[in-house]
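Report on the structure given below.
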Number of protein chains: 2
Amino acid sequence: MSTIFDKILDGEIPCHRVYEDEHVLAFLDVGPLSRGHTLLIPKERKAQIHELSDEAAAAMGRVLPRLARAILAATGATAYNVLQNNGGAASQVVEHVHFHIIPRYASSGLGLVWKASLLDADEAGRLVAGLREALAQD
Amino acid sequence: MSTIFDKILDGEIPCHRVYEDEHVLAFLDVGPLSRGHTLLIPKERKAQIHELSDEAAAAMGRVLPRLARAILAATGATAYNVLQNNGGAASQVVEHVHFHIIPRYASSGLGLVWKASLLDADEAGRLVAGLREALAQD
(Lines give C-alpha, C1' and ligand atoms only; values in the text may rest on other atoms or scores of the structure.)
Protein backbone atom coordinates (compact mmCIF):
# COMPACT_ATOMS: atom_id res chain seq x y z
CA MET A 1 0.00 0.00 0.00
CA SER A 2 1.40 3.36 -1.01
CA THR A 3 1.45 5.97 1.75
CA ILE A 4 1.80 9.73 1.41
CA PHE A 5 5.47 9.30 2.38
CA ASP A 6 6.00 6.88 -0.51
CA LYS A 7 4.59 9.55 -2.80
CA ILE A 8 6.97 12.10 -1.31
CA LEU A 9 9.91 9.70 -1.78
CA ASP A 10 8.81 9.12 -5.38
CA GLY A 11 8.56 12.86 -6.04
CA GLU A 12 4.81 12.63 -6.75
CA ILE A 13 4.03 14.97 -3.85
CA PRO A 14 6.29 17.90 -2.93
CA CYS A 15 7.72 18.39 0.55
CA HIS A 16 9.60 21.08 2.43
CA ARG A 17 12.86 19.16 2.21
CA VAL A 18 15.37 19.74 5.00
CA TYR A 19 17.89 16.94 4.52
CA GLU A 20 18.43 13.92 2.32
CA ASP A 21 21.04 11.22 1.99
CA GLU A 22 21.22 7.71 0.58
CA HIS A 23 19.11 6.24 3.39
CA VAL A 24 16.86 8.97 4.81
CA LEU A 25 14.78 12.03 4.02
CA ALA A 26 13.82 14.82 6.43
CA PHE A 27 11.13 17.41 5.76
CA LEU A 28 8.82 19.77 7.65
CA ASP A 29 5.59 18.31 9.06
CA VAL A 30 2.71 20.13 7.34
CA GLY A 31 0.67 19.76 10.53
CA PRO A 32 3.27 20.99 13.02
CA LEU A 33 2.86 20.84 16.79
CA SER A 34 5.38 23.69 16.99
CA ARG A 35 7.63 25.81 14.79
CA GLY A 36 10.32 23.60 13.22
CA HIS A 37 8.47 20.28 13.70
CA THR A 38 10.39 17.99 11.34
CA LEU A 39 9.86 14.43 10.13
CA LEU A 40 12.68 11.99 9.44
CA ILE A 41 11.86 8.92 7.36
CA PRO A 42 13.89 6.01 5.98
CA LYS A 43 13.89 5.35 2.24
CA GLU A 44 13.33 1.71 3.15
CA ARG A 45 9.58 1.23 3.00
CA LYS A 46 8.48 -0.32 6.27
CA ALA A 47 5.46 0.60 8.35
CA GLN A 48 6.95 0.18 11.83
CA ILE A 49 10.40 0.34 13.29
CA HIS A 50 10.55 -3.33 14.34
CA GLU A 51 10.32 -4.17 10.61
CA LEU A 52 13.22 -1.92 9.59
CA SER A 53 16.63 -3.34 8.68
CA ASP A 54 19.47 -2.68 11.13
CA GLU A 55 21.20 -0.60 8.45
CA ALA A 56 18.22 1.68 7.79
CA ALA A 57 17.61 2.08 11.53
CA ALA A 58 21.28 2.95 12.10
CA ALA A 59 21.11 5.55 9.33
CA MET A 60 18.05 7.09 11.02
CA GLY A 61 19.87 7.22 14.35
CA ARG A 62 23.05 8.59 12.83
CA VAL A 63 21.39 11.71 11.45
CA LEU A 64 19.32 12.57 14.53
CA PRO A 65 22.03 14.59 16.36
CA ARG A 66 22.81 16.65 13.25
CA LEU A 67 19.15 17.32 12.51
CA ALA A 68 18.45 18.23 16.12
CA ARG A 69 21.36 20.69 16.16
CA ALA A 70 20.04 22.31 12.97
CA ILE A 71 16.55 22.61 14.43
CA LEU A 72 17.87 24.21 17.62
CA ALA A 73 20.04 26.62 15.61
CA ALA A 74 17.31 27.58 13.15
CA THR A 75 14.47 27.97 15.66
CA GLY A 76 16.16 29.11 18.85
CA ALA A 77 14.37 26.31 20.72
CA THR A 78 16.29 24.81 23.64
CA ALA A 79 14.18 21.72 24.29
CA TYR A 80 12.62 19.13 21.99
CA ASN A 81 11.03 15.70 21.85
CA VAL A 82 11.84 12.89 19.44
CA LEU A 83 8.82 10.63 18.95
CA GLN A 84 8.20 7.58 16.79
CA ASN A 85 4.76 5.90 16.90
CA ASN A 86 4.08 2.31 15.87
CA GLY A 87 0.53 1.13 15.31
CA GLY A 88 -2.80 2.92 15.27
CA ALA A 89 -3.28 2.32 19.00
CA ALA A 90 -0.02 4.24 19.54
CA SER A 91 -1.20 7.20 17.40
CA GLN A 92 0.59 6.24 14.19
CA VAL A 93 -1.24 7.78 11.24
CA VAL A 94 1.01 7.28 8.19
CA GLU A 95 2.15 3.67 7.87
CA HIS A 96 5.75 4.38 6.96
CA VAL A 97 8.34 4.63 9.76
CA HIS A 98 8.87 8.24 10.85
CA PHE A 99 10.54 10.11 13.67
CA HIS A 100 8.98 13.38 14.75
CA ILE A 101 11.46 15.98 16.00
CA ILE A 102 9.30 18.50 17.85
CA PRO A 103 10.75 21.69 19.35
CA ARG A 104 9.26 22.54 22.73
CA TYR A 105 8.35 26.17 23.38
CA ALA A 106 6.50 27.64 26.35
CA SER A 107 3.13 27.39 24.63
CA SER A 108 3.58 24.77 21.89
CA GLY A 109 5.07 21.37 21.31
CA LEU A 110 4.27 17.79 22.19
CA GLY A 111 2.04 17.21 25.22
CA LEU A 112 2.75 14.08 27.25
CA VAL A 113 0.47 12.26 29.69
CA TRP A 114 2.72 10.29 32.02
CA LYS A 115 0.90 7.84 34.27
CA ALA A 116 3.78 5.85 35.73
CA SER A 117 3.48 2.83 37.98
CA LEU A 118 6.15 1.08 40.03
CA LEU A 119 7.95 -1.91 38.54
CA ASP A 120 7.26 -5.08 40.55
CA ALA A 121 10.39 -7.20 41.09
CA ASP A 122 8.75 -10.53 40.16
CA GLU A 123 7.21 -9.01 37.06
CA ALA A 124 10.60 -7.53 36.16
CA GLY A 125 12.24 -10.95 36.41
CA ARG A 126 9.64 -12.52 34.14
CA LEU A 127 9.90 -9.67 31.64
CA VAL A 128 13.69 -9.72 31.48
CA ALA A 129 13.67 -13.50 30.95
CA GLY A 130 11.13 -13.17 28.15
CA LEU A 131 12.94 -10.27 26.51
CA ARG A 132 16.34 -11.97 26.60
CA GLU A 133 14.85 -15.16 25.18
CA ALA A 134 13.22 -13.19 22.37
CA LEU A 135 16.50 -11.39 21.62
CA ALA A 136 18.42 -14.68 21.61
CA GLN A 137 15.99 -16.15 19.08
CA ASP A 138 15.90 -13.08 16.80
CA MET B 1 27.60 15.57 36.90
CA SER B 2 26.88 11.89 37.51
CA THR B 3 23.33 10.79 36.73
CA ILE B 4 21.56 7.63 37.86
CA PHE B 5 22.28 6.19 34.40
CA ASP B 6 26.00 6.78 34.88
CA LYS B 7 25.76 4.82 38.12
CA ILE B 8 23.96 2.01 36.28
CA LEU B 9 26.66 2.02 33.57
CA ASP B 10 29.34 1.92 36.27
CA GLY B 11 27.63 -0.99 38.04
CA GLU B 12 27.05 1.08 41.19
CA ILE B 13 23.28 0.69 40.89
CA PRO B 14 21.65 -2.52 39.60
CA CYS B 15 19.24 -2.57 36.68
CA HIS B 16 16.91 -5.07 35.04
CA ARG B 17 19.25 -5.54 32.10
CA VAL B 18 17.64 -6.51 28.80
CA TYR B 19 20.44 -5.98 26.26
CA GLU B 20 23.98 -4.70 26.16
CA ASP B 21 26.62 -4.25 23.51
CA GLU B 22 29.75 -2.14 23.04
CA HIS B 23 27.77 1.06 22.56
CA VAL B 24 24.40 0.75 24.32
CA LEU B 25 22.57 -0.66 27.32
CA ALA B 26 18.85 -1.44 27.56
CA PHE B 27 17.00 -2.10 30.81
CA LEU B 28 13.48 -1.94 32.23
CA ASP B 29 12.18 1.43 33.38
CA VAL B 30 11.48 1.16 37.12
CA GLY B 31 8.62 3.62 36.71
CA PRO B 32 6.90 2.02 33.70
CA LEU B 33 4.01 3.57 31.82
CA SER B 34 3.06 0.06 30.72
CA ARG B 35 4.25 -3.54 30.97
CA GLY B 36 7.58 -3.91 29.14
CA HIS B 37 8.50 -0.19 29.19
CA THR B 38 12.21 -0.30 28.35
CA LEU B 39 14.98 2.30 28.30
CA LEU B 40 17.81 2.33 25.78
CA ILE B 41 20.87 4.45 26.60
CA PRO B 42 24.22 5.04 24.93
CA LYS B 43 27.41 4.35 26.86
CA GLU B 44 28.62 7.71 25.58
CA ARG B 45 27.76 10.15 28.34
CA LYS B 46 25.82 13.00 26.80
CA ALA B 47 22.73 14.70 28.18
CA GLN B 48 20.86 15.31 24.93
CA ILE B 49 20.79 13.68 21.54
CA HIS B 50 22.14 16.71 19.65
CA GLU B 51 25.35 16.27 21.68
CA LEU B 52 25.79 12.60 20.82
CA SER B 53 28.41 11.43 18.30
CA ASP B 54 27.13 10.11 14.97
CA GLU B 55 28.52 6.70 15.87
CA ALA B 56 26.75 6.45 19.23
CA ALA B 57 23.50 7.69 17.68
CA ALA B 58 23.79 5.15 14.86
CA ALA B 59 24.34 2.37 17.42
CA MET B 60 21.19 3.49 19.26
CA GLY B 61 19.20 3.44 16.02
CA ARG B 62 20.61 0.10 14.93
CA VAL B 63 19.33 -1.78 17.99
CA LEU B 64 15.84 -0.24 18.04
CA PRO B 65 14.21 -2.73 15.61
CA ARG B 66 15.63 -5.73 17.46
CA LEU B 67 14.60 -4.41 20.88
CA ALA B 68 11.13 -3.53 19.61
CA ARG B 69 10.68 -7.04 18.19
CA ALA B 70 11.71 -8.55 21.54
CA ILE B 71 9.28 -6.30 23.43
CA LEU B 72 6.41 -7.24 21.12
CA ALA B 73 7.28 -10.94 21.41
CA ALA B 74 7.67 -10.91 25.19
CA THR B 75 4.64 -8.79 26.02
CA GLY B 76 2.14 -9.57 23.27
CA ALA B 77 1.75 -5.84 22.65
CA THR B 78 1.02 -4.85 19.05
CA ALA B 79 1.60 -1.09 19.28
CA TYR B 80 4.29 1.01 20.94
CA ASN B 81 5.81 4.46 21.13
CA VAL B 82 9.49 5.35 20.99
CA LEU B 83 10.16 8.63 22.81
CA GLN B 84 13.31 10.59 23.53
CA ASN B 85 13.04 13.83 25.52
CA ASN B 86 15.64 16.61 25.46
CA GLY B 87 15.55 19.35 28.08
CA GLY B 88 13.48 19.87 31.19
CA ALA B 89 10.85 21.80 29.22
CA ALA B 90 10.43 18.67 27.08
CA SER B 91 9.96 16.41 30.15
CA GLN B 92 13.52 15.09 30.32
CA VAL B 93 14.27 14.02 33.89
CA VAL B 94 17.59 12.12 33.77
CA GLU B 95 20.26 14.11 31.94
CA HIS B 96 21.72 11.21 29.98
CA VAL B 97 20.33 10.47 26.50
CA HIS B 98 17.63 7.78 26.64
CA PHE B 99 14.99 6.32 24.36
CA HIS B 100 11.81 5.09 25.98
CA ILE B 101 10.20 2.11 24.23
CA ILE B 102 6.66 2.04 25.61
CA PRO B 103 4.19 -0.71 24.68
CA ARG B 104 0.66 0.57 24.14
CA TYR B 105 -2.19 -1.45 25.61
CA ALA B 106 -5.87 -0.55 25.77
CA SER B 107 -5.54 1.01 29.21
CA SER B 108 -1.85 1.85 29.62
CA GLY B 109 1.02 3.39 27.72
CA LEU B 110 2.13 6.84 26.69
CA GLY B 111 -0.54 9.52 26.44
CA LEU B 112 -0.08 12.14 23.73
CA VAL B 113 -1.62 15.59 23.46
CA TRP B 114 -1.53 16.56 19.80
CA LYS B 115 -2.43 20.18 19.08
CA ALA B 116 -1.45 20.52 15.45
CA SER B 117 -1.52 23.70 13.40
CA LEU B 118 -1.20 24.16 9.66
CA LEU B 119 2.22 24.92 8.19
CA ASP B 120 2.28 28.35 6.55
CA ALA B 121 4.11 28.35 3.18
CA ASP B 122 6.16 31.51 3.89
CA GLU B 123 7.13 30.24 7.31
CA ALA B 124 8.08 26.89 5.75
CA GLY B 125 10.38 28.63 3.28
CA ARG B 126 12.12 30.56 6.03
CA LEU B 127 12.47 27.45 8.19
CA VAL B 128 13.88 25.29 5.40
CA ALA B 129 16.41 28.00 4.51
CA GLY B 130 17.49 28.28 8.14
CA LEU B 131 17.68 24.51 8.64
CA ARG B 132 19.70 23.92 5.48
CA GLU B 133 22.10 26.72 6.40
CA ALA B 134 22.55 25.25 9.87
CA LEU B 135 23.18 21.79 8.40
CA ALA B 136 25.69 23.18 5.92
CA GLN B 137 27.62 24.86 8.72
CA ASP B 138 27.57 21.85 11.08
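Every chain in the C-alpha coordinates has a letter given in the order shown (A, B, ...), and although residue numbers restart at 1 in each chain, ligands are simply numbered from 1 in the order shown.
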Got a sec to tell me which of stretch 34-99 of chain B DSSP assigns to strand (DSSP E), as a PyMOL selection string?
chain B and resi 38-42+79-86+99
Just want the 10 Å neighbourhood of stretch 107-112 of chain A, counted on only C-alpha atoms, with same-chain residues fewer than 4 positions away dropped. Output as a PDB file with all heavy atoms, in the first residue's frame.
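Output (result-v3.pdb):
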ATOM      1  N   PRO A  32       2.297  20.925  11.915  1.00  0.00           N
ATOM      2  CA  PRO A  32       3.268  20.990  13.020  1.00  0.00           C
ATOM      3  C   PRO A  32       2.628  21.202  14.393  1.00  0.00           C
ATOM      4  O   PRO A  32       1.652  21.921  14.526  1.00  0.00           O
ATOM      5  CB  PRO A  32       4.140  22.196  12.651  1.00  0.00           C
ATOM      6  CG  PRO A  32       3.236  23.072  11.832  1.00  0.00           C
ATOM      7  CD  PRO A  32       2.390  22.106  11.031  1.00  0.00           C
ATOM      8  N   LEU A  33       3.231  20.569  15.399  1.00  0.00           N
ATOM      9  CA  LEU A  33       2.861  20.844  16.789  1.00  0.00           C
ATOM     10  C   LEU A  33       3.554  22.102  17.285  1.00  0.00           C
ATOM     11  O   LEU A  33       3.138  22.680  18.290  1.00  0.00           O
ATOM     12  CB  LEU A  33       3.250  19.666  17.691  1.00  0.00           C
ATOM     13  CG  LEU A  33       2.527  18.344  17.437  1.00  0.00           C
ATOM     14  CD1 LEU A  33       2.948  17.314  18.478  1.00  0.00           C
ATOM     15  CD2 LEU A  33       1.020  18.556  17.493  1.00  0.00           C
ATOM     16  N   SER A  34       4.624  22.499  16.601  1.00  0.00           N
ATOM     17  CA  SER A  34       5.380  23.693  16.992  1.00  0.00           C
ATOM     18  C   SER A  34       6.262  24.086  15.814  1.00  0.00           C
ATOM     19  O   SER A  34       6.467  23.299  14.880  1.00  0.00           O
ATOM     20  CB  SER A  34       6.242  23.402  18.232  1.00  0.00           C
ATOM     21  OG  SER A  34       7.203  22.411  17.932  1.00  0.00           O
ATOM     22  N   ARG A  35       6.813  25.293  15.892  1.00  0.00           N
ATOM     23  CA  ARG A  35       7.629  25.811  14.794  1.00  0.00           C
ATOM     24  C   ARG A  35       8.904  24.966  14.647  1.00  0.00           C
ATOM     25  O   ARG A  35       9.658  24.836  15.616  1.00  0.00           O
ATOM     26  CB  ARG A  35       7.997  27.273  15.062  1.00  0.00           C
ATOM     27  CG  ARG A  35       8.560  28.015  13.850  1.00  0.00           C
ATOM     28  CD  ARG A  35       8.625  29.514  14.095  1.00  0.00           C
ATOM     29  NE  ARG A  35       9.526  29.815  15.199  1.00  0.00           N
ATOM     30  CZ  ARG A  35      10.823  30.051  15.062  1.00  0.00           C
ATOM     31  NH1 ARG A  35      11.376  30.056  13.863  1.00  0.00           N
ATOM     32  NH2 ARG A  35      11.572  30.298  16.120  1.00  0.00           N
ATOM     33  N   GLY A  36       9.122  24.407  13.473  1.00  0.00           N
ATOM     34  CA  GLY A  36      10.315  23.604  13.219  1.00  0.00           C
ATOM     35  C   GLY A  36      10.069  22.106  13.334  1.00  0.00           C
ATOM     36  O   GLY A  36      11.001  21.311  13.153  1.00  0.00           O
ATOM     37  N   HIS A  37       8.829  21.716  13.598  1.00  0.00           N
ATOM     38  CA  HIS A  37       8.474  20.285  13.704  1.00  0.00           C
ATOM     39  C   HIS A  37       8.861  19.581  12.402  1.00  0.00           C
ATOM     40  O   HIS A  37       8.348  19.887  11.331  1.00  0.00           O
ATOM     41  CB  HIS A  37       6.964  20.190  13.969  1.00  0.00           C
ATOM     42  CG  HIS A  37       6.417  18.803  14.130  1.00  0.00           C
ATOM     43  ND1 HIS A  37       5.178  18.571  14.683  1.00  0.00           N
ATOM     44  CD2 HIS A  37       6.908  17.573  13.809  1.00  0.00           C
ATOM     45  CE1 HIS A  37       4.933  17.267  14.698  1.00  0.00           C
ATOM     46  NE2 HIS A  37       5.963  16.643  14.166  1.00  0.00           N
ATOM     47  N   ALA A  79      14.647  23.042  23.872  1.00  0.00           N
ATOM     48  CA  ALA A  79      14.178  21.715  24.288  1.00  0.00           C
ATOM     49  C   ALA A  79      13.375  21.123  23.144  1.00  0.00           C
ATOM     50  O   ALA A  79      12.796  21.849  22.333  1.00  0.00           O
ATOM     51  CB  ALA A  79      13.326  21.812  25.546  1.00  0.00           C
ATOM     52  N   TYR A  80      13.352  19.780  23.080  1.00  0.00           N
ATOM     53  CA  TYR A  80      12.622  19.129  21.994  1.00  0.00           C
ATOM     54  C   TYR A  80      12.377  17.667  22.333  1.00  0.00           C
ATOM     55  O   TYR A  80      13.106  17.066  23.125  1.00  0.00           O
ATOM     56  CB  TYR A  80      13.392  19.240  20.666  1.00  0.00           C
ATOM     57  CG  TYR A  80      14.792  18.668  20.692  1.00  0.00           C
ATOM     58  CD1 TYR A  80      15.084  17.447  20.093  1.00  0.00           C
ATOM     59  CD2 TYR A  80      15.834  19.346  21.329  1.00  0.00           C
ATOM     60  CE1 TYR A  80      16.370  16.912  20.132  1.00  0.00           C
ATOM     61  CE2 TYR A  80      17.116  18.816  21.370  1.00  0.00           C
ATOM     62  CZ  TYR A  80      17.377  17.604  20.775  1.00  0.00           C
ATOM     63  OH  TYR A  80      18.643  17.079  20.830  1.00  0.00           O
ATOM     64  N   ASN A  81      11.341  17.129  21.710  1.00  0.00           N
ATOM     65  CA  ASN A  81      11.028  15.705  21.845  1.00  0.00           C
ATOM     66  C   ASN A  81      11.241  15.004  20.518  1.00  0.00           C
ATOM     67  O   ASN A  81      10.931  15.549  19.461  1.00  0.00           O
ATOM     68  CB  ASN A  81       9.572  15.506  22.278  1.00  0.00           C
ATOM     69  CG  ASN A  81       9.238  16.195  23.586  1.00  0.00           C
ATOM     70  OD1 ASN A  81       8.691  17.295  23.588  1.00  0.00           O
ATOM     71  ND2 ASN A  81       9.592  15.589  24.692  1.00  0.00           N
ATOM     72  N   VAL A  82      11.742  13.776  20.599  1.00  0.00           N
ATOM     73  CA  VAL A  82      11.835  12.892  19.437  1.00  0.00           C
ATOM     74  C   VAL A  82      10.828  11.761  19.681  1.00  0.00           C
ATOM     75  O   VAL A  82      10.877  11.114  20.732  1.00  0.00           O
ATOM     76  CB  VAL A  82      13.257  12.319  19.284  1.00  0.00           C
ATOM     77  CG1 VAL A  82      13.317  11.337  18.116  1.00  0.00           C
ATOM     78  CG2 VAL A  82      14.264  13.456  19.101  1.00  0.00           C
ATOM     79  N   LEU A  83       9.914  11.570  18.741  1.00  0.00           N
ATOM     80  CA  LEU A  83       8.818  10.626  18.948  1.00  0.00           C
ATOM     81  C   LEU A  83       8.636   9.777  17.699  1.00  0.00           C
ATOM     82  O   LEU A  83       8.680  10.287  16.576  1.00  0.00           O
ATOM     83  CB  LEU A  83       7.525  11.385  19.242  1.00  0.00           C
ATOM     84  CG  LEU A  83       6.252  10.545  19.382  1.00  0.00           C
ATOM     85  CD1 LEU A  83       6.304   9.688  20.652  1.00  0.00           C
ATOM     86  CD2 LEU A  83       5.018  11.445  19.412  1.00  0.00           C
ATOM     87  N   HIS A 100       9.298  11.964  14.579  1.00  0.00           N
ATOM     88  CA  HIS A 100       8.977  13.381  14.746  1.00  0.00           C
ATOM     89  C   HIS A 100      10.092  14.022  15.576  1.00  0.00           C
ATOM     90  O   HIS A 100      10.476  13.474  16.611  1.00  0.00           O
ATOM     91  CB  HIS A 100       7.675  13.566  15.536  1.00  0.00           C
ATOM     92  CG  HIS A 100       6.452  13.004  14.899  1.00  0.00           C
ATOM     93  ND1 HIS A 100       5.640  13.761  14.090  1.00  0.00           N
ATOM     94  CD2 HIS A 100       5.889  11.783  14.969  1.00  0.00           C
ATOM     95  CE1 HIS A 100       4.612  13.005  13.690  1.00  0.00           C
ATOM     96  NE2 HIS A 100       4.746  11.808  14.205  1.00  0.00           N
ATOM     97  N   ILE A 101      10.581  15.172  15.143  1.00  0.00           N
ATOM     98  CA  ILE A 101      11.455  15.981  15.999  1.00  0.00           C
ATOM     99  C   ILE A 101      10.681  17.260  16.259  1.00  0.00           C
ATOM    100  O   ILE A 101      10.398  18.030  15.325  1.00  0.00           O
ATOM    101  CB  ILE A 101      12.807  16.282  15.327  1.00  0.00           C
ATOM    102  CG1 ILE A 101      13.453  14.975  14.865  1.00  0.00           C
ATOM    103  CG2 ILE A 101      13.740  17.021  16.295  1.00  0.00           C
ATOM    104  CD1 ILE A 101      14.684  15.187  14.000  1.00  0.00           C
ATOM    105  N   ILE A 102      10.291  17.471  17.518  1.00  0.00           N
ATOM    106  CA  ILE A 102       9.302  18.495  17.854  1.00  0.00           C
ATOM    107  C   ILE A 102       9.889  19.469  18.868  1.00  0.00           C
ATOM    108  O   ILE A 102      10.025  19.140  20.053  1.00  0.00           O
ATOM    109  CB  ILE A 102       8.034  17.835  18.443  1.00  0.00           C
ATOM    110  CG1 ILE A 102       7.546  16.677  17.553  1.00  0.00           C
ATOM    111  CG2 ILE A 102       6.937  18.890  18.645  1.00  0.00           C
ATOM    112  CD1 ILE A 102       6.492  15.787  18.221  1.00  0.00           C
ATOM    113  N   PRO A 103      10.253  20.690  18.399  1.00  0.00           N
ATOM    114  CA  PRO A 103      10.748  21.686  19.352  1.00  0.00           C
ATOM    115  C   PRO A 103       9.696  21.959  20.426  1.00  0.00           C
ATOM    116  O   PRO A 103       8.488  21.942  20.149  1.00  0.00           O
ATOM    117  CB  PRO A 103      10.976  22.929  18.484  1.00  0.00           C
ATOM    118  CG  PRO A 103      11.166  22.407  17.103  1.00  0.00           C
ATOM    119  CD  PRO A 103      10.262  21.200  17.021  1.00  0.00           C
TER     120      PRO A 103
ATOM    121  N   ALA B  89      12.109  21.310  29.781  1.00  0.00           N
ATOM    122  CA  ALA B  89      10.854  21.803  29.220  1.00  0.00           C
ATOM    123  C   ALA B  89      10.190  20.750  28.340  1.00  0.00           C
ATOM    124  O   ALA B  89       8.992  20.826  28.063  1.00  0.00           O
ATOM    125  CB  ALA B  89      11.101  23.075  28.419  1.00  0.00           C
ATOM    126  N   ALA B  90      10.967  19.761  27.899  1.00  0.00           N
ATOM    127  CA  ALA B  90      10.432  18.668  27.080  1.00  0.00           C
ATOM    128  C   ALA B  90      10.294  17.383  27.900  1.00  0.00           C
ATOM    129  O   ALA B  90      10.274  16.289  27.352  1.00  0.00           O
ATOM    130  CB  ALA B  90      11.325  18.434  25.864  1.00  0.00           C
ATOM    131  N   SER B  91      10.226  17.528  29.226  1.00  0.00           N
ATOM    132  CA  SER B  91       9.960  16.413  30.146  1.00  0.00           C
ATOM    133  C   SER B  91      11.135  15.469  30.345  1.00  0.00           C
ATOM    134  O   SER B  91      10.958  14.341  30.812  1.00  0.00           O
ATOM    135  CB  SER B  91       8.731  15.586  29.701  1.00  0.00           C
ATOM    136  OG  SER B  91       7.604  16.416  29.543  1.00  0.00           O
ATOM    137  N   LEU B 110       1.838   5.410  26.757  1.00  0.00           N
ATOM    138  CA  LEU B 110       2.129   6.839  26.687  1.00  0.00           C
ATOM    139  C   LEU B 110       0.893   7.588  26.196  1.00  0.00           C
ATOM    140  O   LEU B 110       0.289   7.206  25.196  1.00  0.00           O
ATOM    141  CB  LEU B 110       3.286   7.066  25.706  1.00  0.00           C
ATOM    142  CG  LEU B 110       3.696   8.519  25.448  1.00  0.00           C
ATOM    143  CD1 LEU B 110       4.286   9.150  26.705  1.00  0.00           C
ATOM    144  CD2 LEU B 110       4.702   8.584  24.301  1.00  0.00           C
ATOM    145  N   GLY B 111       0.527   8.650  26.902  1.00  0.00           N
ATOM    146  CA  GLY B 111      -0.542   9.520  26.439  1.00  0.00           C
ATOM    147  C   GLY B 111       0.034  10.711  25.691  1.00  0.00           C
ATOM    148  O   GLY B 111       1.035  11.287  26.107  1.00  0.00           O
ATOM    149  N   LEU B 112      -0.569  11.029  24.555  1.00  0.00           N
ATOM    150  CA  LEU B 112      -0.076  12.140  23.732  1.00  0.00           C
ATOM    151  C   LEU B 112      -1.154  13.212  23.613  1.00  0.00           C
ATOM    152  O   LEU B 112      -2.326  12.901  23.449  1.00  0.00           O
ATOM    153  CB  LEU B 112       0.280  11.636  22.323  1.00  0.00           C
ATOM    154  CG  LEU B 112       1.389  10.588  22.242  1.00  0.00           C
ATOM    155  CD1 LEU B 112       1.509  10.057  20.820  1.00  0.00           C
ATOM    156  CD2 LEU B 112       2.717  11.174  22.702  1.00  0.00           C
ATOM    157  N   VAL B 113      -0.723  14.464  23.695  1.00  0.00           N
ATOM    158  CA  VAL B 113      -1.623  15.595  23.464  1.00  0.00           C
ATOM    159  C   VAL B 113      -1.138  16.274  22.188  1.00  0.00           C
ATOM    160  O   VAL B 113      -0.009  16.771  22.145  1.00  0.00           O
ATOM    161  CB  VAL B 113      -1.601  16.584  24.648  1.00  0.00           C
ATOM    162  CG1 VAL B 113      -2.605  17.709  24.403  1.00  0.00           C
ATOM    163  CG2 VAL B 113      -1.904  15.862  25.957  1.00  0.00           C
ATOM    164  N   TRP B 114      -1.959  16.220  21.156  1.00  0.00           N
ATOM    165  CA  TRP B 114      -1.532  16.562  19.805  1.00  0.00           C
ATOM    166  C   TRP B 114      -2.310  17.775  19.316  1.00  0.00           C
ATOM    167  O   TRP B 114      -3.409  17.635  18.806  1.00  0.00           O
ATOM    168  CB  TRP B 114      -1.797  15.359  18.894  1.00  0.00           C
ATOM    169  CG  TRP B 114      -0.932  15.288  17.685  1.00  0.00           C
ATOM    170  CD1 TRP B 114      -1.207  15.811  16.459  1.00  0.00           C
ATOM    171  CD2 TRP B 114       0.351  14.660  17.573  1.00  0.00           C
ATOM    172  NE1 TRP B 114      -0.175  15.554  15.603  1.00  0.00           N
ATOM    173  CE2 TRP B 114       0.793  14.849  16.250  1.00  0.00           C
ATOM    174  CE3 TRP B 114       1.169  13.970  18.489  1.00  0.00           C
ATOM    175  CZ2 TRP B 114       2.025  14.350  15.815  1.00  0.00           C
ATOM    176  CZ3 TRP B 114       2.380  13.491  18.046  1.00  0.00           C
ATOM    177  CH2 TRP B 114       2.802  13.680  16.724  1.00  0.00           C
ATOM    178  N   LYS B 115      -1.744  18.952  19.505  1.00  0.00           N
ATOM    179  CA  LYS B 115      -2.426  20.183  19.084  1.00  0.00           C
ATOM    180  C   LYS B 115      -1.739  20.729  17.849  1.00  0.00           C
ATOM    181  O   LYS B 115      -0.901  21.635  17.928  1.00  0.00           O
ATOM    182  CB  LYS B 115      -2.407  21.220  20.218  1.00  0.00           C
ATOM    183  CG  LYS B 115      -3.254  20.788  21.415  1.00  0.00           C
ATOM    184  CD  LYS B 115      -3.275  21.873  22.492  1.00  0.00           C
ATOM    185  CE  LYS B 115      -4.084  21.397  23.702  1.00  0.00           C
ATOM    186  NZ  LYS B 115      -3.906  22.285  24.882  1.00  0.00           N
ATOM    187  N   ALA B 116      -2.123  20.179  16.700  1.00  0.00           N
ATOM    188  CA  ALA B 116      -1.446  20.517  15.453  1.00  0.00           C
ATOM    189  C   ALA B 116      -1.980  21.818  14.869  1.00  0.00           C
ATOM    190  O   ALA B 116      -3.153  22.162  15.030  1.00  0.00           O
ATOM    191  CB  ALA B 116      -1.619  19.392  14.445  1.00  0.00           C
ATOM    192  N   SER B 117      -1.117  22.519  14.176  1.00  0.00           N
ATOM    193  CA  SER B 117      -1.525  23.696  13.403  1.00  0.00           C
ATOM    194  C   SER B 117      -1.331  23.369  11.922  1.00  0.00           C
ATOM    195  O   SER B 117      -1.080  22.221  11.559  1.00  0.00           O
ATOM    196  CB  SER B 117      -0.693  24.902  13.828  1.00  0.00           C
ATOM    197  OG  SER B 117       0.673  24.641  13.590  1.00  0.00           O
TER     198      SER B 117
END
Who sits within 7 Å of A:Gly61, only C-alpha atoms, same chain under 2 positions skipped, as number ranges by chain
A: 57-59, 63-64; B: 57-58, 60-61
When you look at stretch 65-70 of chain B with a cut-off of 8 Å (counting only C-alpha atoms), what residues show up, excluding the ones that are within fewer than 4 positions of it in the same chain? I need them as JSON, numbers by chain.
{"A": [49, 50, 51, 52, 53, 54, 57, 131, 132, 134, 135, 138], "B": [61, 74, 101]}
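Using only C-alpha atoms for every distance, the candidate list B:Met1, B:Leu127, B:Ala47, B:Ala26 yields B:Ala47 as the residue closest to B:Asn86.
Going from atom CA of A:Leu25 over to atom CA of B:Arg45, you cover 27.6 Å.
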If DSSP is run on the backbone, what residues of chain B are alpha helix (DSSP H)? A reply as a PyMOL selection string would be ideal.
chain B and resi 4-9+54-75+121-137
